[in-house]
Amino acid sequence: MTAALDLAGLTKVYGAKTAVDHLDLAIPQGSFYGLVGQNGAGKTTTLSMGVGLLRPDGGTARIFDIDVWADSGRRAKELVGVLPDGLAMPERLTGREVLTYLGLLRGLPERVVAERAEELLALLELDAAENTLVVEYSTGMRKKIGLATALLHAPRLLVLDEPFEAVDPVSAATIKEILRGFVAGGGSVVLSSHVMALVEQLCDHVAVIDKGRVVAHGTLAEVSGAGSLEKRFVELVAAGDGGAAKGLSWLSS
Ligand SMILES: Nc1ncnc2c1ncn2[C@@H]1O[C@H](COP(=O)(O)OP(=O)(O)OP(=O)(O)O)[C@@H](O)[C@H]1O
């Protein structure tokens with residue numbers, strides 16, 4: 001079956017730093033895929049190149065077999081909803097205005113945009129902030145309006161960079177429910193997270209990224225093995241250096 005997202009030989013170099021190093025990864029259709037890695041491992045760079053936000057130095061990214069970086073890229077972008085890291089938003093608009101603006105830009109009929117915006121704002125508990133400008137939003141509210149913009153055009157693939165970061169537990173439960181429902185309806189999700197328990201709870205597949213490369217991938221059970229994902233993750237990326245808690249002797253009285 002065609003992968004929902006297929007990354008092959010993806011590479012990004014910043015000066016002397018190779019952020020993403022010939023990375024190969026296929027996200028199967030209908031999967032709920034978690035991407036985990038330490039700070040600076042290359043998750044955001046990978047996802048940004050995968051959805052057409054950051055031009056790769058090498059390799060290809062295909063969404064349902066459509067090349068994101070070729071002329072066909074626009075068609076690929078219709079199939080994907082993206083929650084990027086550090087989302088740039090029209091700051092002087094309210095949440096509803098943002099959804100209306102982006103929905104109309106995507107060519108959705110006005111009535112459809114209005115109905116979906118209403119539903120998303122209520123579901124994500126942003127309707128109470130009806131008259132609040134995005135510039136005044138809290139970090140968690142920005143995540144939620146970003147997620148709403150990713151969902152608005154009913155994509156077939158969701159690519160979410162740290163969707164639960166700074167989101168309160170009540171809203172997180174709602175988002176989990178939305179995402180589970182999306183996958184149950186045939187959609188595919190790939191999300192990055194540092195929270196292993198969350199990935200274990202939500203995802204059926206996981207890839208561990210280290211220094212811009214995939215060091216383990218497969219079903220959750222295949223990657224985790226007999227223990228927890230966290231244990232396996234630390235084994236894979238820290239290679240048991242065990243020195244993390246040393247030092248700072250001046251902190252103990
Ligand atoms: N615009 C840039 N210029 C230079 N280096 C960059 C740039 N963007 C990312 N990098 C570097 O590329 C590497 C990968 O960064 P990236 O943001 O993809 O990691 P990440 O896995 O998403 O990290 P985190 O979990 O902290 O968000 C890091 O070493 C980072 O410093």
# chains A, B, ... in the order shown; residues from 1 in each chain; ligands from 1

$ residues_near_ligand --ligand "ligand 1" --cutoff "8 Å" --atoms "only C-alpha atoms and all ligand atoms" --output "list of chain:residue names"
A:Val13, A:Tyr14, A:Gly15, A:Lys17, A:Thr18, A:Ala19, A:Val20, A:Val36, A:Gly37, A:Gln38, A:Asn39, A:Gly40, A:Ala41, A:Gly42, A:Lys43, A:Thr44, A:Thr45, A:Thr46, A:Asp85, A:Ser193, A:His194, A:Ile209, A:Lys211, A:Gly212

$ residues_around --residues "range 116-121 of chain A" --least-positions-apart "5" --cutoff "9 Å" --atoms "only C-alpha atoms" --output "number ranges by chain"
A: 95-96, 99-100, 103, 111, 126-128, 130, 144-145, 148-149, 151-153

$ residues_around --residues "range 223-234 of chain A" --least-positions-apart "3" --cutoff "8 Å" --atoms "only C-alpha atoms" --output "PyMOL selection string"
chain A and resi 196-197+200+206-208+216-220+237-240

$ atom_distance --atom1 "CA of Pro163 in chain A" --atom2 "CA of Asp21 in chain A"
24.5 Å

$ select_by_dssp --residues "range 12-152 of chain A" --states "alpha helix (DSSP H)" --output "ChimeraX atom specification"
/A:43-50,73-78,95-105,110-123,139-151

$ residues_around --residues "range 3-10 of chain A" --least-positions-apart "3" --cutoff "8 Å" --atoms "only C-alpha atoms" --output "ChimeraX atom specification"
/A:20-30,46,49-50,56-65,157,188

$ residues_around --residues "Thr94 in chain A" --least-positions-apart "4" --cutoff "6 Å" --atoms "only C-alpha atoms" --output "ChimeraX atom specification"
/A:131-134

$ atom_distance --atom1 "CA of Ala122 in chain A" --atom2 "CA of Lys77 in chain A"
26.2 Å

$ select_by_dssp --residues "range 151-192 of chain A" --states "strand (DSSP E or B)" --output "PyMOL selection string"
chain A and resi 157-161+188-192

$ write_last_selection --atoms "C-alpha atoms" --output "PDB file, in the first residue's frame"
ATOM      1  CA  LEU A 157      -2.695  12.973   6.926  1.00  0.00           C
ATOM      2  CA  LEU A 158      -1.931  15.013  10.031  1.00  0.00           C
ATOM      3  CA  VAL A 159       1.661  15.997  10.788  1.00  0.00           C
ATOM      4  CA  LEU A 160       1.877  17.459  14.266  1.00  0.00           C
ATOM      5  CA  ASP A 161       5.013  18.821  15.904  1.00  0.00           C
ATOM      6  CA  SER A 188      -3.032   8.843   9.346  1.00  0.00           C
ATOM      7  CA  VAL A 189      -1.204  10.795  12.052  1.00  0.00           C
ATOM      8  CA  VAL A 190       2.466  11.428  12.664  1.00  0.00           C
ATOM      9  CA  LEU A 191       3.406  13.394  15.747  1.00  0.00           C
ATOM     10  CA  SER A 192       6.609  14.258  17.526  1.00  0.00           C
TER      11      SER A 192
END

$ closest_residue --among "A:Tyr101, A:Phe32, A:Asp168, A:Pro84" --to "Gly181 in chain A" --atoms "only C-alpha atoms"
A:Phe32

$ decode --residues "range 4-53 of chain A" --atoms "N, CA and C atoms" --output "mmCIF file, in the first residue's frame"
data_model
loop_
_atom_site.group_PDB
_atom_site.id
_atom_site.type_symbol
_atom_site.label_atom_id
_atom_site.label_comp_id
_atom_site.auth_asym_id
_atom_site.auth_seq_id
_atom_site.Cartn_x
_atom_site.Cartn_y
_atom_site.Cartn_z
ATOM 1 N N ALA A 4 1.422 6.948 3.597
ATOM 2 C CA ALA A 4 0.829 8.279 3.762
ATOM 3 C C ALA A 4 1.929 9.333 3.620
ATOM 4 N N LEU A 5 3.073 9.031 4.191
ATOM 5 C CA LEU A 5 4.242 9.923 4.082
ATOM 6 C C LEU A 5 5.473 9.049 3.882
ATOM 7 N N ASP A 6 6.209 9.320 2.829
ATOM 8 C CA ASP A 6 7.385 8.507 2.532
ATOM 9 C C ASP A 6 8.606 9.420 2.399
ATOM 10 N N LEU A 7 9.521 9.284 3.321
ATOM 11 C CA LEU A 7 10.735 10.102 3.310
ATOM 12 C C LEU A 7 11.892 9.212 2.884
ATOM 13 N N ALA A 8 12.643 9.648 1.886
ATOM 14 C CA ALA A 8 13.746 8.815 1.399
ATOM 15 C C ALA A 8 15.006 9.653 1.228
ATOM 16 N N GLY A 9 16.034 9.274 1.961
ATOM 17 C CA GLY A 9 17.330 9.944 1.853
ATOM 18 C C GLY A 9 17.292 11.418 2.222
ATOM 19 N N LEU A 10 16.332 11.783 3.053
ATOM 20 C CA LEU A 10 16.128 13.199 3.389
ATOM 21 C C LEU A 10 17.341 13.753 4.149
ATOM 22 N N THR A 11 17.824 14.897 3.689
ATOM 23 C CA THR A 11 19.059 15.452 4.267
ATOM 24 C C THR A 11 18.946 16.967 4.393
ATOM 25 N N LYS A 12 19.429 17.497 5.517
ATOM 26 C CA LYS A 12 19.524 18.955 5.697
ATOM 27 C C LYS A 12 20.828 19.269 6.415
ATOM 28 N N VAL A 13 21.588 20.172 5.826
ATOM 29 C CA VAL A 13 22.886 20.531 6.396
ATOM 30 C C VAL A 13 22.900 22.029 6.685
ATOM 31 N N TYR A 14 23.293 22.386 7.897
ATOM 32 C CA TYR A 14 23.500 23.795 8.253
ATOM 33 C C TYR A 14 24.989 23.987 8.530
ATOM 34 N N GLY A 15 25.721 24.557 7.634
ATOM 35 C CA GLY A 15 27.164 24.746 7.825
ATOM 36 C C GLY A 15 27.829 23.411 8.104
ATOM 37 N N ALA A 16 28.465 23.313 9.281
ATOM 38 C CA ALA A 16 29.169 22.074 9.627
ATOM 39 C C ALA A 16 28.226 21.044 10.250
ATOM 40 N N LYS A 17 26.970 21.457 10.487
ATOM 41 C CA LYS A 17 26.029 20.587 11.213
ATOM 42 C C LYS A 17 25.078 19.872 10.237
ATOM 43 N N THR A 18 25.066 18.542 10.296
ATOM 44 C CA THR A 18 24.081 17.802 9.507
ATOM 45 C C THR A 18 22.888 17.538 10.413
ATOM 46 N N ALA A 19 21.818 18.298 10.202
ATOM 47 C CA ALA A 19 20.644 18.199 11.080
ATOM 48 C C ALA A 19 19.862 16.928 10.786
ATOM 49 N N VAL A 20 19.740 16.598 9.501
ATOM 50 C CA VAL A 20 19.047 15.365 9.087
ATOM 51 C C VAL A 20 19.938 14.688 8.059
ATOM 52 N N ASP A 21 20.212 13.405 8.300
ATOM 53 C CA ASP A 21 21.291 12.727 7.598
ATOM 54 C C ASP A 21 20.784 11.507 6.807
ATOM 55 N N HIS A 22 20.414 11.709 5.561
ATOM 56 C CA HIS A 22 19.945 10.609 4.701
ATOM 57 C C HIS A 22 18.891 9.765 5.429
ATOM 58 N N LEU A 23 17.858 10.436 5.878
ATOM 59 C CA LEU A 23 16.839 9.771 6.705
ATOM 60 C C LEU A 23 15.769 9.100 5.824
ATOM 61 N N ASP A 24 15.512 7.846 6.112
ATOM 62 C CA ASP A 24 14.453 7.083 5.429
ATOM 63 C C ASP A 24 13.376 6.729 6.444
ATOM 64 N N LEU A 25 12.133 6.993 6.088
ATOM 65 C CA LEU A 25 11.027 6.615 6.973
ATOM 66 C C LEU A 25 9.728 6.585 6.178
ATOM 67 N N ALA A 26 8.961 5.509 6.359
ATOM 68 C CA ALA A 26 7.652 5.427 5.693
ATOM 69 C C ALA A 26 6.570 5.347 6.759
ATOM 70 N N ILE A 27 5.601 6.255 6.656
ATOM 71 C CA ILE A 27 4.465 6.265 7.590
ATOM 72 C C ILE A 27 3.312 5.548 6.891
ATOM 73 N N PRO A 28 2.952 4.329 7.336
ATOM 74 C CA PRO A 28 1.882 3.597 6.641
ATOM 75 C C PRO A 28 0.529 4.296 6.769
ATOM 76 N N GLN A 29 -0.294 4.145 5.751
ATOM 77 C CA GLN A 29 -1.657 4.703 5.805
ATOM 78 C C GLN A 29 -2.401 4.092 6.980
ATOM 79 N N GLY A 30 -3.155 4.899 7.673
ATOM 80 C CA GLY A 30 -3.962 4.409 8.785
ATOM 81 C C GLY A 30 -3.187 4.236 10.080
ATOM 82 N N SER A 31 -1.904 4.631 10.076
ATOM 83 C CA SER A 31 -1.132 4.455 11.312
ATOM 84 C C SER A 31 -1.157 5.727 12.153
ATOM 85 N N PHE A 32 -0.874 5.516 13.414
ATOM 86 C CA PHE A 32 -0.721 6.604 14.381
ATOM 87 C C PHE A 32 0.746 6.535 14.786
ATOM 88 N N TYR A 33 1.556 7.398 14.179
ATOM 89 C CA TYR A 33 3.014 7.231 14.232
ATOM 90 C C TYR A 33 3.646 8.260 15.163
ATOM 91 N N GLY A 34 4.447 7.815 16.082
ATOM 92 C CA GLY A 34 5.159 8.716 16.997
ATOM 93 C C GLY A 34 6.610 8.855 16.574
ATOM 94 N N LEU A 35 7.099 10.091 16.625
ATOM 95 C CA LEU A 35 8.508 10.362 16.311
ATOM 96 C C LEU A 35 9.153 10.860 17.594
ATOM 97 N N VAL A 36 10.137 10.142 18.091
ATOM 98 C CA VAL A 36 10.768 10.562 19.343
ATOM 99 C C VAL A 36 12.267 10.742 19.131
ATOM 100 N N GLY A 37 12.838 11.606 19.939
ATOM 101 C CA GLY A 37 14.271 11.874 19.828
ATOM 102 C C GLY A 37 14.625 12.955 20.816
ATOM 103 N N GLN A 38 15.912 13.029 21.152
ATOM 104 C CA GLN A 38 16.356 14.047 22.105
ATOM 105 C C GLN A 38 16.230 15.447 21.505
ATOM 106 N N ASN A 39 16.401 16.469 22.328
ATOM 107 C CA ASN A 39 16.451 17.844 21.808
ATOM 108 C C ASN A 39 17.547 17.912 20.744
ATOM 109 N N GLY A 40 17.186 18.486 19.608
ATOM 110 C CA GLY A 40 18.174 18.662 18.545
ATOM 111 C C GLY A 40 18.422 17.419 17.703
ATOM 112 N N ALA A 41 17.614 16.372 17.887
ATOM 113 C CA ALA A 41 17.821 15.124 17.136
ATOM 114 C C ALA A 41 17.481 15.276 15.652
ATOM 115 N N GLY A 42 16.599 16.225 15.343
ATOM 116 C CA GLY A 42 16.239 16.439 13.931
ATOM 117 C C GLY A 42 14.773 16.206 13.615
ATOM 118 N N LYS A 43 13.935 16.098 14.630
ATOM 119 C CA LYS A 43 12.507 15.806 14.405
ATOM 120 C C LYS A 43 11.804 16.946 13.642
ATOM 121 N N THR A 44 11.945 18.169 14.170
ATOM 122 C CA THR A 44 11.271 19.308 13.531
ATOM 123 C C THR A 44 11.783 19.516 12.111
ATOM 124 N N THR A 45 13.087 19.412 11.925
ATOM 125 C CA THR A 45 13.670 19.596 10.583
ATOM 126 C C THR A 45 13.121 18.540 9.633
ATOM 127 N N THR A 46 13.024 17.287 10.101
ATOM 128 C CA THR A 46 12.495 16.202 9.276
ATOM 129 C C THR A 46 11.042 16.465 8.882
ATOM 130 N N LEU A 47 10.222 16.792 9.875
ATOM 131 C CA LEU A 47 8.795 17.002 9.599
ATOM 132 C C LEU A 47 8.592 18.218 8.689
ATOM 133 N N SER A 48 9.380 19.271 8.912
ATOM 134 C CA SER A 48 9.247 20.479 8.089
ATOM 135 C C SER A 48 9.579 20.171 6.628
ATOM 136 N N MET A 49 10.609 19.373 6.396
ATOM 137 C CA MET A 49 10.961 19.004 5.011
ATOM 138 C C MET A 49 9.895 18.072 4.430
ATOM 139 N N GLY A 50 9.341 17.228 5.284
ATOM 140 C CA GLY A 50 8.360 16.237 4.838
ATOM 141 C C GLY A 50 7.053 16.840 4.355
ATOM 142 N N VAL A 51 6.707 18.022 4.890
ATOM 143 C CA VAL A 51 5.413 18.621 4.520
ATOM 144 C C VAL A 51 5.559 19.830 3.600
ATOM 145 N N GLY A 52 6.771 20.138 3.196
ATOM 146 C CA GLY A 52 6.939 21.221 2.228
ATOM 147 C C GLY A 52 7.199 22.587 2.840
ATOM 148 N N LEU A 53 7.605 22.628 4.108
ATOM 149 C CA LEU A 53 7.874 23.923 4.747
ATOM 150 C C LEU A 53 9.349 24.305 4.702
#
